[in-house]
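S.K.: My file is target.txt. It has compact mmCIF, C-alpha atoms (C1' of nucleotides):
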# COMPACT_ATOMS: atom_id res chain seq x y z
CA MET A 1 259.48 361.20 33.33
CA THR A 2 259.26 362.24 36.97
CA THR A 3 258.02 365.58 38.22
CA LEU A 4 261.59 366.45 39.20
CA GLY A 5 262.58 365.80 35.60
CA TYR A 6 260.03 368.34 34.42
CA ALA A 7 261.18 370.79 37.07
CA LEU A 8 264.74 370.57 35.79
CA LEU A 9 263.64 370.83 32.16
CA GLY A 10 261.65 373.91 33.12
CA LEU A 11 264.72 375.59 34.51
CA LEU A 12 266.88 374.52 31.57
CA ALA A 13 264.29 375.90 29.15
CA GLU A 14 265.42 379.39 30.16
CA ARG A 15 269.16 378.86 29.92
CA PRO A 16 271.82 376.13 30.20
CA LEU A 17 272.78 375.29 33.77
CA SER A 18 275.02 372.87 35.64
CA GLY A 19 273.81 370.40 38.23
CA TYR A 20 275.22 372.66 40.89
CA ASP A 21 273.35 375.66 39.44
CA LEU A 22 270.13 373.67 39.44
CA ALA A 23 270.64 372.77 43.09
CA GLN A 24 271.11 376.48 43.83
CA GLN A 25 267.87 377.29 42.01
CA MET A 26 266.11 375.19 44.61
CA LYS A 27 266.66 378.03 47.06
CA THR A 28 264.73 380.47 44.83
CA PRO A 29 260.92 380.78 44.58
CA VAL A 30 260.68 377.89 42.10
CA GLY A 31 262.41 375.58 44.52
CA PHE A 32 260.05 376.49 47.29
CA PHE A 33 257.31 374.59 45.47
CA TRP A 34 259.43 371.65 44.38
CA HIS A 35 262.63 371.11 46.30
CA ALA A 36 265.39 368.59 45.58
CA ARG A 37 268.91 367.92 46.85
CA HIS A 38 271.91 367.61 44.62
CA SER A 39 271.97 363.88 45.38
CA GLN A 40 268.69 363.62 43.51
CA ILE A 41 269.53 366.15 40.80
CA TYR A 42 272.73 364.57 39.44
CA PRO A 43 271.18 361.14 38.80
CA GLU A 44 268.06 362.77 37.36
CA LEU A 45 270.20 364.75 34.89
CA ALA A 46 271.88 361.52 33.80
CA ARG A 47 268.46 359.98 33.22
CA LEU A 48 267.29 363.01 31.26
CA GLU A 49 270.37 362.78 29.08
CA ALA A 50 269.85 359.04 28.52
CA ASP A 51 266.29 359.87 27.42
CA GLY A 52 267.56 362.54 25.01
CA MET A 53 265.93 365.41 26.91
CA VAL A 54 269.20 367.23 27.59
CA THR A 55 272.82 367.21 26.45
CA HIS A 56 275.87 368.35 28.32
CA ALA A 57 279.19 369.99 27.56
CA VAL A 58 282.11 370.24 29.94
CA VAL A 59 283.08 373.84 30.59
CA GLU A 60 286.59 374.46 31.81
CA GLN A 61 286.90 377.11 34.48
CA TYR A 62 290.12 378.57 35.85
CA ASP A 63 288.87 380.30 38.96
CA ARG A 64 286.90 377.27 40.12
CA PRO A 65 286.34 373.55 39.31
CA ASP A 66 285.17 372.62 35.81
CA LYS A 67 281.47 372.00 35.33
CA LYS A 68 279.00 370.22 33.07
CA LEU A 69 276.64 372.65 31.38
CA TYR A 70 273.32 371.00 30.55
CA THR A 71 271.24 372.21 27.61
CA ILE A 72 267.66 371.21 26.84
CA THR A 73 267.10 369.47 23.48
CA GLU A 74 264.23 369.95 21.02
CA ALA A 75 262.74 366.69 22.31
CA GLY A 76 263.09 367.93 25.88
CA LEU A 77 261.33 371.19 25.09
CA ALA A 78 258.52 369.34 23.30
CA THR A 79 258.09 366.98 26.28
CA LEU A 80 258.02 369.92 28.67
CA LYS A 81 255.41 371.79 26.61
CA GLU A 82 253.22 368.72 26.45
CA TRP A 83 253.38 368.17 30.23
CA LEU A 84 252.65 371.84 30.85
CA VAL A 85 249.04 371.65 29.69
CA THR A 86 248.30 368.11 30.88
CA PRO A 87 245.74 367.93 33.72
CA THR A 88 247.65 367.65 36.97
CA ALA A 89 247.02 364.86 39.47
CA ILE A 90 246.15 366.43 42.82
CA THR A 91 249.35 366.98 44.76
CA PRO A 92 248.52 365.99 48.34
CA ILE A 93 249.55 368.54 50.94
CA ARG A 94 251.70 367.49 53.89
CA ASP A 95 251.89 369.87 56.78
CA GLU A 96 253.06 368.66 60.15
CA LEU A 97 251.95 371.84 61.88
CA VAL A 98 248.32 371.32 60.89
CA LEU A 99 248.62 367.84 62.32
CA LYS A 100 249.82 369.37 65.58
CA ALA A 101 246.98 371.86 65.56
CA TYR A 102 244.57 368.95 65.31
CA ASN A 103 245.54 367.74 68.77
CA LEU A 104 246.42 371.10 70.30
CA GLY A 105 243.86 370.59 73.06
CA LEU A 106 246.21 368.03 74.61
CA ALA A 107 249.11 370.49 74.84
CA ASP A 108 250.04 372.96 77.52
CA PRO A 109 248.55 376.30 76.35
CA GLN A 110 251.70 378.31 77.10
CA GLN A 111 253.91 375.95 75.11
CA ALA A 112 251.35 375.88 72.32
CA ILE A 113 251.39 379.68 72.19
CA ALA A 114 255.17 379.69 71.98
CA LEU A 115 255.09 377.15 69.16
CA PHE A 116 252.57 379.00 67.03
CA ARG A 117 254.16 382.37 67.69
CA ALA A 118 257.45 380.93 66.40
CA GLU A 119 255.73 379.51 63.34
CA GLU A 120 253.97 382.79 62.68
CA LEU A 121 257.32 384.55 62.78
CA ARG A 122 258.92 382.03 60.46
CA HIS A 123 256.21 382.46 57.86
CA ARG A 124 256.20 386.22 58.33
CA GLU A 125 259.90 386.17 57.44
CA GLN A 126 259.34 383.99 54.40
CA LEU A 127 256.55 386.36 53.35
CA ALA A 128 258.91 389.32 53.68
CA ASN A 129 261.49 387.52 51.53
CA TYR A 130 258.94 386.94 48.82
CA GLU A 131 257.77 390.52 48.95
CA VAL A 132 261.31 391.77 48.48
CA SER A 133 261.74 389.43 45.50
CA MET A 134 258.45 390.64 44.09
CA GLU A 135 259.51 394.26 44.49
CA TRP A 136 262.74 393.50 42.69
CA CYS A 137 260.82 391.60 40.01
CA MET A 138 258.43 394.51 39.38
CA GLN A 139 261.17 397.13 39.23
CA THR A 140 263.14 395.11 36.69
CA TYR A 141 260.17 394.94 34.36
CA SER A 142 258.44 398.25 35.08
CA SER A 143 259.63 399.96 31.92
CA GLU A 144 259.18 397.21 29.32
CA GLN A 145 255.99 395.33 28.76
CA PHE A 146 255.96 392.34 31.07
CA ARG A 147 253.94 389.42 29.72
CA PHE A 148 253.66 385.64 29.70
CA ASP A 149 256.40 385.30 27.15
CA SER A 150 258.82 387.56 29.07
CA PRO A 151 261.69 385.82 30.79
CA GLY A 152 261.11 385.97 34.53
CA TYR A 153 257.34 385.96 34.25
CA GLY A 154 257.29 382.47 35.72
CA ASN A 155 258.99 383.82 38.80
CA TYR A 156 256.31 386.48 39.05
CA LEU A 157 253.47 383.93 38.94
CA THR A 158 255.26 381.72 41.43
CA LEU A 159 255.97 384.61 43.79
CA ARG A 160 252.35 385.68 43.73
CA ARG A 161 251.43 382.18 44.87
CA GLY A 162 254.09 382.16 47.56
CA ILE A 163 252.95 385.50 48.92
CA GLY A 164 249.32 384.40 49.06
CA TYR A 165 250.28 381.14 50.70
CA GLU A 166 252.44 382.71 53.38
CA ARG A 167 250.01 385.54 54.06
CA GLU A 168 247.26 383.03 54.76
CA TYR A 169 249.61 380.88 56.83
CA VAL A 170 250.59 383.84 59.01
CA GLU A 171 246.94 384.74 59.54
CA TRP A 172 246.09 381.19 60.55
CA CYS A 173 248.93 381.05 63.09
CA ALA A 174 247.96 384.43 64.53
CA TRP A 175 244.34 383.32 64.78
CA ILE A 176 245.33 380.23 66.72
CA VAL A 177 247.57 382.23 69.07
CA GLU A 178 244.71 384.66 69.72
CA GLN A 179 242.39 381.83 70.65
CA LEU A 180 244.99 380.15 72.82
CA GLU A 181 245.52 383.39 74.72
CA GLU A 182 241.83 383.86 75.31
CA TYR A 183 241.51 380.24 76.39
CA SER A 184 244.42 380.38 78.83
CA LYS A 185 243.07 383.56 80.41
CA SER A 186 239.75 381.96 81.28
CA MET B 1 258.72 357.87 65.52
CA THR B 2 257.63 359.01 62.07
CA THR B 3 255.18 361.82 61.39
CA LEU B 4 252.65 359.23 60.25
CA GLY B 5 253.04 357.58 63.64
CA TYR B 6 252.13 360.83 65.37
CA ALA B 7 249.22 361.33 62.98
CA LEU B 8 247.81 357.94 63.94
CA LEU B 9 248.41 358.54 67.65
CA GLY B 10 246.59 361.85 67.27
CA LEU B 11 243.53 360.14 65.89
CA LEU B 12 243.68 357.36 68.47
CA ALA B 13 243.92 359.95 71.26
CA GLU B 14 240.25 360.72 70.67
CA ARG B 15 238.94 357.16 70.53
CA PRO B 16 240.01 353.60 69.68
CA LEU B 17 240.01 352.84 65.96
CA SER B 18 240.91 350.00 63.62
CA GLY B 19 243.44 350.25 60.83
CA TYR B 20 240.56 350.42 58.39
CA ASP B 21 238.95 353.25 60.37
CA LEU B 22 242.22 355.16 60.34
CA ALA B 23 242.47 354.77 56.58
CA GLN B 24 238.93 356.18 56.33
CA GLN B 25 239.92 359.16 58.50
CA MET B 26 242.40 360.07 55.78
CA LYS B 27 239.44 361.23 53.70
CA THR B 28 238.43 363.76 56.39
CA PRO B 29 240.01 367.22 56.98
CA VAL B 30 242.85 365.74 59.03
CA GLY B 31 243.83 363.48 56.18
CA PHE B 32 243.96 366.34 53.76
CA PHE B 33 247.08 367.60 55.52
CA TRP B 34 248.71 364.22 56.02
CA HIS B 35 247.50 361.43 53.81
CA ALA B 36 248.44 357.74 53.96
CA ARG B 37 247.24 354.51 52.35
CA HIS B 38 246.24 351.43 54.29
CA SER B 39 249.41 349.74 53.04
CA GLN B 40 251.36 352.25 55.07
CA ILE B 41 248.98 352.35 58.03
CA TYR B 42 248.95 348.64 58.89
CA PRO B 43 252.75 348.29 59.19
CA GLU B 44 252.92 351.58 61.09
CA LEU B 45 250.37 350.32 63.62
CA ALA B 46 252.48 347.21 64.12
CA ARG B 47 255.51 349.41 64.74
CA LEU B 48 253.57 351.59 67.19
CA GLU B 49 252.48 348.49 69.06
CA ALA B 50 256.05 347.14 69.16
CA ASP B 51 257.10 350.49 70.64
CA GLY B 52 254.37 350.30 73.28
CA MET B 53 252.48 353.31 71.92
CA VAL B 54 249.27 351.39 71.24
CA THR B 55 247.66 348.06 72.08
CA HIS B 56 245.03 346.17 70.15
CA ALA B 57 242.10 343.93 70.89
CA VAL B 58 240.30 341.80 68.33
CA VAL B 59 236.64 342.71 68.12
CA GLU B 60 234.32 340.06 66.71
CA GLN B 61 231.63 341.37 64.41
CA TYR B 62 228.74 339.40 63.00
CA ASP B 63 227.54 341.71 60.28
CA ARG B 64 231.05 342.21 58.86
CA PRO B 65 234.63 340.86 59.19
CA ASP B 66 236.25 340.99 62.61
CA LYS B 67 238.60 343.90 63.30
CA LYS B 68 241.52 344.94 65.47
CA LEU B 69 240.68 347.90 67.65
CA TYR B 70 243.75 349.93 68.52
CA THR B 71 243.94 351.93 71.73
CA ILE B 72 246.59 354.49 72.64
CA THR B 73 248.66 353.73 75.76
CA GLU B 74 249.82 356.12 78.48
CA ALA B 75 253.27 356.07 76.89
CA GLY B 76 251.73 356.83 73.51
CA LEU B 77 249.79 359.78 74.87
CA ALA B 78 252.90 361.14 76.59
CA THR B 79 254.92 360.80 73.38
CA LEU B 80 252.19 362.56 71.42
CA LYS B 81 251.98 365.43 73.91
CA GLU B 82 255.73 365.88 73.82
CA TRP B 83 255.81 365.99 70.01
CA LEU B 84 252.91 368.43 69.96
CA VAL B 85 254.91 371.36 71.35
CA THR B 86 258.26 370.50 69.74
CA PRO B 87 259.42 373.02 67.13
CA THR B 88 258.48 371.66 63.74
CA ALA B 89 261.00 371.23 60.93
CA ILE B 90 259.76 373.18 57.92
CA THR B 91 257.61 370.89 55.81
CA PRO B 92 258.58 371.63 52.20
CA ILE B 93 255.65 372.28 49.89
CA ARG B 94 255.31 370.31 46.69
CA ASP B 95 252.91 371.63 44.12
CA GLU B 96 253.15 370.48 40.55
CA LEU B 97 250.78 373.18 39.34
CA VAL B 98 253.04 375.99 40.56
CA LEU B 99 255.84 374.28 38.65
CA LYS B 100 253.67 374.39 35.53
CA ALA B 101 252.86 378.03 36.13
CA TYR B 102 256.58 378.74 36.19
CA ASN B 103 256.88 377.79 32.51
CA LEU B 104 253.41 378.80 31.39
CA GLY B 105 254.88 381.18 28.80
CA LEU B 106 255.86 378.14 26.73
CA ALA B 107 252.31 376.79 26.60
CA ASP B 108 249.48 377.50 24.21
CA PRO B 109 247.38 380.21 25.94
CA GLN B 110 244.04 378.52 25.21
CA GLN B 111 245.19 375.21 26.69
CA ALA B 112 246.72 377.02 29.64
CA ILE B 113 243.40 378.78 30.28
CA ALA B 114 241.57 375.44 30.18
CA LEU B 115 244.06 373.92 32.63
CA PHE B 116 243.82 376.71 35.18
CA ARG B 117 240.06 376.98 34.87
CA ALA B 118 239.82 373.27 35.67
CA GLU B 119 242.15 373.69 38.63
CA GLU B 120 240.18 376.67 39.89
CA LEU B 121 237.01 374.59 39.75
CA ARG B 122 238.64 371.70 41.58
CA HIS B 123 239.78 373.91 44.43
CA ARG B 124 236.47 375.74 44.47
CA GLU B 125 234.80 372.38 45.05
CA GLN B 126 237.22 371.44 47.81
CA LEU B 127 236.59 374.84 49.39
CA ALA B 128 232.84 374.22 49.27
CA ASN B 129 233.33 370.83 50.95
CA TYR B 130 235.29 372.43 53.75
CA GLU B 131 232.71 375.14 54.20
CA VAL B 132 229.94 372.57 54.55
CA SER B 133 232.03 370.69 57.14
CA MET B 134 232.65 373.95 58.95
CA GLU B 135 228.96 374.78 58.97
CA TRP B 136 228.21 371.36 60.40
CA CYS B 137 231.00 371.80 62.93
CA MET B 138 229.68 375.17 64.14
CA GLN B 139 226.08 373.97 64.42
CA THR B 140 227.09 370.97 66.52
CA TYR B 141 228.85 373.18 69.02
CA SER B 142 226.76 376.35 68.87
CA SER B 143 224.95 375.71 72.15
CA GLU B 144 227.76 374.45 74.40
CA GLN B 145 231.02 376.24 74.96
CA PHE B 146 233.43 375.17 72.28
CA ARG B 147 237.07 375.40 73.36
CA PHE B 148 240.51 373.86 72.88
CA ASP B 149 239.67 370.95 75.15
CA SER B 150 236.39 370.18 73.35
CA PRO B 151 236.39 367.10 71.17
CA GLY B 152 236.23 368.18 67.55
CA TYR B 153 238.09 371.42 68.14
CA GLY B 154 241.03 370.02 66.21
CA ASN B 155 238.78 369.58 63.22
CA TYR B 156 237.74 373.19 63.54
CA LEU B 157 241.33 374.48 63.54
CA THR B 158 242.19 372.19 60.63
CA LEU B 159 239.14 373.24 58.63
CA ARG B 160 239.97 376.90 59.14
CA ARG B 161 243.36 376.21 57.61
CA GLY B 162 241.88 374.23 54.73
CA ILE B 163 239.41 376.99 53.94
CA GLY B 164 242.11 379.66 53.94
CA TYR B 165 244.36 377.50 51.81
CA GLU B 166 241.73 376.73 49.19
CA ARG B 167 240.38 380.26 49.09
CA GLU B 168 243.84 381.57 48.30
CA TYR B 169 244.42 378.80 45.76
CA VAL B 170 241.19 379.63 43.93
CA GLU B 171 242.14 383.30 43.82
CA TRP B 172 245.56 382.52 42.42
CA CYS B 173 244.11 380.33 39.66
CA ALA B 174 241.50 382.95 38.77
CA TRP B 175 244.19 385.62 38.69
CA ILE B 176 246.27 383.56 36.24
CA VAL B 177 243.24 382.87 34.01
CA GLU B 178 242.46 386.59 33.95
CA GLN B 179 245.96 387.42 32.83
CA LEU B 180 246.02 384.66 30.24
CA GLU B 181 242.78 385.97 28.76
CA GLU B 182 244.11 389.50 28.54
CA TYR B 183 247.33 388.23 27.04
CA SER B 184 245.62 386.08 24.40
CA LYS B 185 243.36 388.98 23.38
CA SER B 186 246.30 391.23 22.57
C1' DT C 1 300.18 377.43 56.34
C1' DT C 2 296.17 376.36 58.02
C1' DA C 3 291.50 376.68 58.28
C1' DT C 4 287.25 377.85 56.28
C1' DA C 5 284.12 378.31 52.77
C1' DC C 6 282.33 377.98 48.18
C1' DT C 7 282.21 375.55 43.87
C1' DA C 8 281.55 371.14 41.69
C1' DT C 9 280.13 366.14 41.02
C1' DG C 10 279.09 362.03 42.37
C1' DT C 11 277.43 357.38 45.21
C1' DC C 12 275.06 354.66 48.71
C1' DA C 13 272.07 353.06 52.34
C1' DA C 14 267.96 353.67 54.57
C1' DG C 15 263.53 355.23 54.97
C1' DA C 16 259.05 357.02 53.13
C1' DC C 17 255.46 356.25 50.00
C1' DT C 18 252.76 354.29 46.10
C1' DT C 19 250.86 350.64 43.32
C1' DA C 20 249.67 346.38 42.80
C1' DC C 21 248.90 341.86 44.55
C1' DA C 22 246.43 338.84 47.79
C1' DT C 23 242.85 337.09 50.85
C1' DA C 24 238.48 336.82 53.28
C1' DT C 25 233.72 338.03 55.28
C1' DG C 26 229.17 339.90 54.68
C1' DT C 27 225.35 342.61 52.14
C1' DA C 28 222.58 343.92 48.36
C1' DA C 29 221.20 343.85 43.88
C1' DT C 30 220.61 341.44 39.28
C1' DA D 1 223.91 331.94 41.18
C1' DT D 2 226.57 335.68 40.22
C1' DT D 3 228.18 340.18 40.42
C1' DA D 4 229.37 344.18 42.71
C1' DC D 5 230.46 346.60 46.69
C1' DA D 6 231.89 347.72 51.46
C1' DT D 7 234.49 346.01 55.29
C1' DA D 8 238.81 344.27 56.95
C1' DT D 9 243.89 343.09 56.97
C1' DG D 10 247.86 342.24 55.18
C1' DT D 11 252.52 341.77 51.79
C1' DA D 12 255.77 342.89 48.03
C1' DA D 13 258.04 345.37 44.43
C1' DG D 14 259.55 349.46 43.02
C1' DT D 15 260.06 354.50 43.18
C1' DC D 16 261.02 358.82 45.52
C1' DT D 17 263.65 361.27 48.76
C1' DT D 18 266.83 362.23 52.37
C1' DG D 19 271.18 362.17 54.81
C1' DA D 20 275.57 360.68 54.97
C1' DC D 21 279.73 359.56 52.74
C1' DA D 22 283.32 360.72 49.35
C1' DT D 23 286.37 363.50 46.47
C1' DA D 24 288.54 367.55 44.62
C1' DG D 25 289.76 372.42 42.85
C1' DT D 26 290.00 377.44 44.12
C1' DA D 27 289.77 381.67 47.13
C1' DT D 28 290.18 384.22 51.25
C1' DA D 29 291.46 385.36 55.65
C1' DA D 30 293.78 384.61 60.08
With the file now loaded, output its structure as structure tokens.
M.R.:
Amino acid sequence: MTTLGYALLGLLAERPLSGYDLAQQMKTPVGFFWHARHSQIYPELARLEADGMVTHAVVEQYDRPDKKLYTITEAGLATLKEWLVTPTAITPIRDELVLKAYNLGLADPQQAIALFRAEELRHREQLANYEVSMEWCMQTYSSEQFRFDSPGYGNYLTLRRGIGYEREYVEWCAWIVEQLEEYSKS
Amino acid sequence: MTTLGYALLGLLAERPLSGYDLAQQMKTPVGFFWHARHSQIYPELARLEADGMVTHAVVEQYDRPDKKLYTITEAGLATLKEWLVTPTAITPIRDELVLKAYNLGLADPQQAIALFRAEELRHREQLANYEVSMEWCMQTYSSEQFRFDSPGYGNYLTLRRGIGYEREYVEWCAWIVEQLEEYSKS
DNA sequence: TTATACTATGTCAAGACTTACATATGTAAT
DNA sequence: ATTACATATGTAAGTCTTGACATAGTATAA
């Protein structure tokens, strides 16, 4: 089982989805922490089915092309639950911008400022997106009791992480821009 | 040019290093944001040399095996500087733990608590490491003026990012544990 | 009717990355 | 002596991932 396999099982644990649906999910908060293209998803679904983790049924549609709806099996759910509480191997971070920051002394200050201002803006926008989603998430569940076993709670936990991550990222970019401005003045 | 290529050029821009040295650097703050094994580094150095980005000289050593010292060329430095201020393609994040959080409602609360407590501890330790490095970094440069063109400033910028990242990560884990505890009490 | 876009499913080649294999020198401890 | 460890440099097999190629049904608007 690959991590992508678990990611797909996790999404299918909520409700049956097609490969196309799963690819769309990659644009939502979940996907922001584990992205995959459809070219990786379709083969992975085939593998999951071969391993008995999911089954599929062809659904005929009249307003659009037919699709294969994938459903998680008992075995798939058991495998997912087991993985869920297994100690995670450290996932190494890869961030090209930090790499650029490392050698920023070699760059032209004005260009460096432009770069980090642009990055700050990008992450500010992503942060705003998350905050809107979070708002929407809270309103949906404001009346009922909203707990770990509620559907959509996973999104809430994920969003909280995304917001924290982006908030910190924005601050870091702004901090670098500040220093670059001071440096280029002197 | 791959990102790893730029990462190696970035390290070589400070001083000549061997492939082994570069692999060791991957354990320092820089490496935390772009890791690579020696099996990837050696071929990449060969590629960089073929592209005229670096040259190497064999250095004989009597207390240990001989080594190849790689030095960045003018062309390499120019390429690095150009890359430095080029808009970065978003680097997608991959974090298995966030994926697990997404489906945490399916897990046994006690096991989930244990998992996130362990993760919190791990990131708390990483945070402490960074803070020690930062302390060391600040002391080294406390007397002189410490600016973008100072050697070691890149480490400072990188460390600041690492500290922010880990601090936020620890908070997120603690927040999840808190909620899990409340949930399992009820 | 033509173009554009969205839905839907796949394959393939190339590159990135990991794990394991492979070799060799020198130091320090048992 | 032998073992273990750090230094030092590589290769090879296999997996993960991306980007491009490929096909096809339906809807909407110009």
S.K.: Kindly determine which residues of chain C lie within 9 Å of chain B, considering only C-alpha atoms (C1' of nucleotides), and give the answer as a list of chain:residue names.
M.R.: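 Here is what falls inside 9 Å: C:DC17, C:DT18, C:DA24, C:DT25, C:DG26, C:DT27.
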S.K.: If you count all atoms listed in the file, which residues fall within 9 Å of Thr88 (chain A), apart from same-chain ones fewer than 6 positions away, as a PDB file with C-alpha atoms, in the coordinates of the input?
M.R.:
ATOM      1  CA  GLU B  96     253.150 370.480  40.550  1.00  0.00           C
ATOM      2  CA  LEU B  97     250.780 373.180  39.340  1.00  0.00           C
ATOM      3  CA  LEU B 115     244.060 373.920  32.630  1.00  0.00           C
ATOM      4  CA  GLU B 119     242.150 373.690  38.630  1.00  0.00           C
TER       5      GLU B 119
END
S.K.: Kindly provide the residues of chain B that approach chain D to within 12 Å, each paired with its closest atom pair and their distance in Å to one decimal, based on only C-alpha atoms (C1' of nucleotides), listed by chain and increasing number, as a Markdown table.
M.R.:
| residue | atom | partner | partner_atom | distance |
| --- | --- | --- | --- | --- |
| B:Ser18 | CA | D:DA8 | C1' | 9.0 |
| B:Gly19 | CA | D:DT9 | C1' | 8.1 |
| B:Tyr20 | CA | D:DA8 | C1' | 6.6 |
| B:Asp21 | CA | D:DA8 | C1' | 9.6 |
| B:Leu22 | CA | D:DA8 | C1' | 11.9 |
| B:Ala23 | CA | D:DA8 | C1' | 11.1 |
| B:Gln24 | CA | D:DT7 | C1' | 11.1 |
| B:His38 | CA | D:DT9 | C1' | 9.1 |
| B:Ser39 | CA | D:DG10 | C1' | 8.0 |
| B:Gln40 | CA | D:DG10 | C1' | 10.6 |
| B:Ile41 | CA | D:DG10 | C1' | 10.6 |
| B:Tyr42 | CA | D:DG10 | C1' | 7.5 |
| B:Pro43 | CA | D:DG10 | C1' | 8.8 |
| B:Leu45 | CA | D:DT9 | C1' | 11.8 |
| B:Ala46 | CA | D:DG10 | C1' | 11.2 |
| B:Val58 | CA | D:DA8 | C1' | 11.7 |
| B:Val59 | CA | D:DA8 | C1' | 11.5 |
| B:Glu60 | CA | D:DA8 | C1' | 11.5 |
| B:Gln61 | CA | D:DT7 | C1' | 10.6 |
| B:Tyr62 | CA | D:DT7 | C1' | 11.7 |
| B:Asp63 | CA | D:DT7 | C1' | 9.6 |
| B:Arg64 | CA | D:DT7 | C1' | 6.2 |
| B:Pro65 | CA | D:DA8 | C1' | 5.8 |
| B:Asp66 | CA | D:DA8 | C1' | 7.0 |
| B:Lys67 | CA | D:DA8 | C1' | 6.4 |
| B:Lys68 | CA | D:DA8 | C1' | 9.0 |
| B:Leu69 | CA | D:DA8 | C1' | 11.5 |
S.K.: Write out as CSV the residues of chain A that have any atom within 7 Å of an atom of chain B, one row each with the nearest atom pair and its distance in Å to one decimal, counting all atoms listed in the file, sorted by chain and then rising number.
M.R.:
residue,atom,partner,partner_atom,distance
A:Ala7,CA,B:Leu99,CA,6.6
A:Gly10,CA,B:Asn103,CA,6.2
A:Val30,CA,B:Leu99,CA,7.0
A:Phe32,CA,B:Ile93,CA,6.6
A:Phe33,CA,B:Arg94,CA,4.9
A:Trp34,CA,B:Arg94,CA,4.9
A:Lys81,CA,B:Ala107,CA,5.9
A:Leu84,CA,B:Lys100,CA,5.4
A:Val85,CA,B:Ala112,CA,5.8
A:Pro87,CA,B:Leu115,CA,6.3
A:Thr88,CA,B:Leu97,CA,6.8
A:Thr91,CA,B:Asp95,CA,5.9
A:Ile93,CA,B:Phe33,CA,5.3
A:Arg94,CA,B:Phe33,CA,4.9
A:Asp95,CA,B:Phe33,CA,5.5
A:Glu96,CA,B:Thr91,CA,6.7
A:Leu97,CA,B:Thr88,CA,6.8
A:Val98,CA,B:Thr158,CA,6.2
A:Leu99,CA,B:Ala7,CA,6.6
A:Lys100,CA,B:Leu84,CA,5.4
A:Ala101,CA,B:Gly154,CA,6.3
A:Tyr102,CA,B:Gly154,CA,3.8
A:Asn103,CA,B:Gly154,CA,5.7
A:Leu104,CA,B:Gly154,CA,6.9
A:Gly105,CA,B:Phe148,CA,4.7
A:Leu106,CA,B:Lys81,CA,6.4
A:Ala107,CA,B:Lys81,CA,5.9
A:Gln111,CA,B:Val85,CA,6.0
A:Ala112,CA,B:Val85,CA,5.8
A:Leu115,CA,B:Val85,CA,6.2
A:Phe148,CA,B:Gly105,CA,4.7
A:Asp149,CA,B:Gly105,CA,4.7
A:Gly154,CA,B:Tyr102,CA,3.8
A:Asn155,CA,B:Tyr102,CA,6.2
A:Leu157,CA,B:Ala101,CA,6.6
A:Thr158,CA,B:Tyr102,CA,6.2
A:Arg161,CA,B:Trp172,CA,6.4
A:Gly164,CA,B:Glu168,CA,6.2
A:Tyr165,CA,B:Glu168,CA,6.9
A:Glu168,CA,B:Gly164,CA,6.2
A:Trp172,CA,B:Arg161,CA,6.4
S.K.: Once you have the residues from the selection above, write them out as an mmCIF file, in the coordinates of the input, restricted to C-alpha atoms.
M.R.:
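Output contents, as saved in again_4.cif:
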data_model
loop_
_atom_site.group_PDB
_atom_site.id
_atom_site.type_symbol
_atom_site.label_atom_id
_atom_site.label_comp_id
_atom_site.auth_asym_id
_atom_site.auth_seq_id
_atom_site.Cartn_x
_atom_site.Cartn_y
_atom_site.Cartn_z
ATOM 1 C CA ALA A 7 261.180 370.790 37.070
ATOM 2 C CA GLY A 10 261.650 373.910 33.120
ATOM 3 C CA VAL A 30 260.680 377.890 42.100
ATOM 4 C CA PHE A 32 260.050 376.490 47.290
ATOM 5 C CA PHE A 33 257.310 374.590 45.470
ATOM 6 C CA TRP A 34 259.430 371.650 44.380
ATOM 7 C CA LYS A 81 255.410 371.790 26.610
ATOM 8 C CA LEU A 84 252.650 371.840 30.850
ATOM 9 C CA VAL A 85 249.040 371.650 29.690
ATOM 10 C CA PRO A 87 245.740 367.930 33.720
ATOM 11 C CA THR A 88 247.650 367.650 36.970
ATOM 12 C CA THR A 91 249.350 366.980 44.760
ATOM 13 C CA ILE A 93 249.550 368.540 50.940
ATOM 14 C CA ARG A 94 251.700 367.490 53.890
ATOM 15 C CA ASP A 95 251.890 369.870 56.780
ATOM 16 C CA GLU A 96 253.060 368.660 60.150
ATOM 17 C CA LEU A 97 251.950 371.840 61.880
ATOM 18 C CA VAL A 98 248.320 371.320 60.890
ATOM 19 C CA LEU A 99 248.620 367.840 62.320
ATOM 20 C CA LYS A 100 249.820 369.370 65.580
ATOM 21 C CA ALA A 101 246.980 371.860 65.560
ATOM 22 C CA TYR A 102 244.570 368.950 65.310
ATOM 23 C CA ASN A 103 245.540 367.740 68.770
ATOM 24 C CA LEU A 104 246.420 371.100 70.300
ATOM 25 C CA GLY A 105 243.860 370.590 73.060
ATOM 26 C CA LEU A 106 246.210 368.030 74.610
ATOM 27 C CA ALA A 107 249.110 370.490 74.840
ATOM 28 C CA GLN A 111 253.910 375.950 75.110
ATOM 29 C CA ALA A 112 251.350 375.880 72.320
ATOM 30 C CA LEU A 115 255.090 377.150 69.160
ATOM 31 C CA PHE A 148 253.660 385.640 29.700
ATOM 32 C CA ASP A 149 256.400 385.300 27.150
ATOM 33 C CA GLY A 154 257.290 382.470 35.720
ATOM 34 C CA ASN A 155 258.990 383.820 38.800
ATOM 35 C CA LEU A 157 253.470 383.930 38.940
ATOM 36 C CA THR A 158 255.260 381.720 41.430
ATOM 37 C CA ARG A 161 251.430 382.180 44.870
ATOM 38 C CA GLY A 164 249.320 384.400 49.060
ATOM 39 C CA TYR A 165 250.280 381.140 50.700
ATOM 40 C CA GLU A 168 247.260 383.030 54.760
ATOM 41 C CA TRP A 172 246.090 381.190 60.550
#
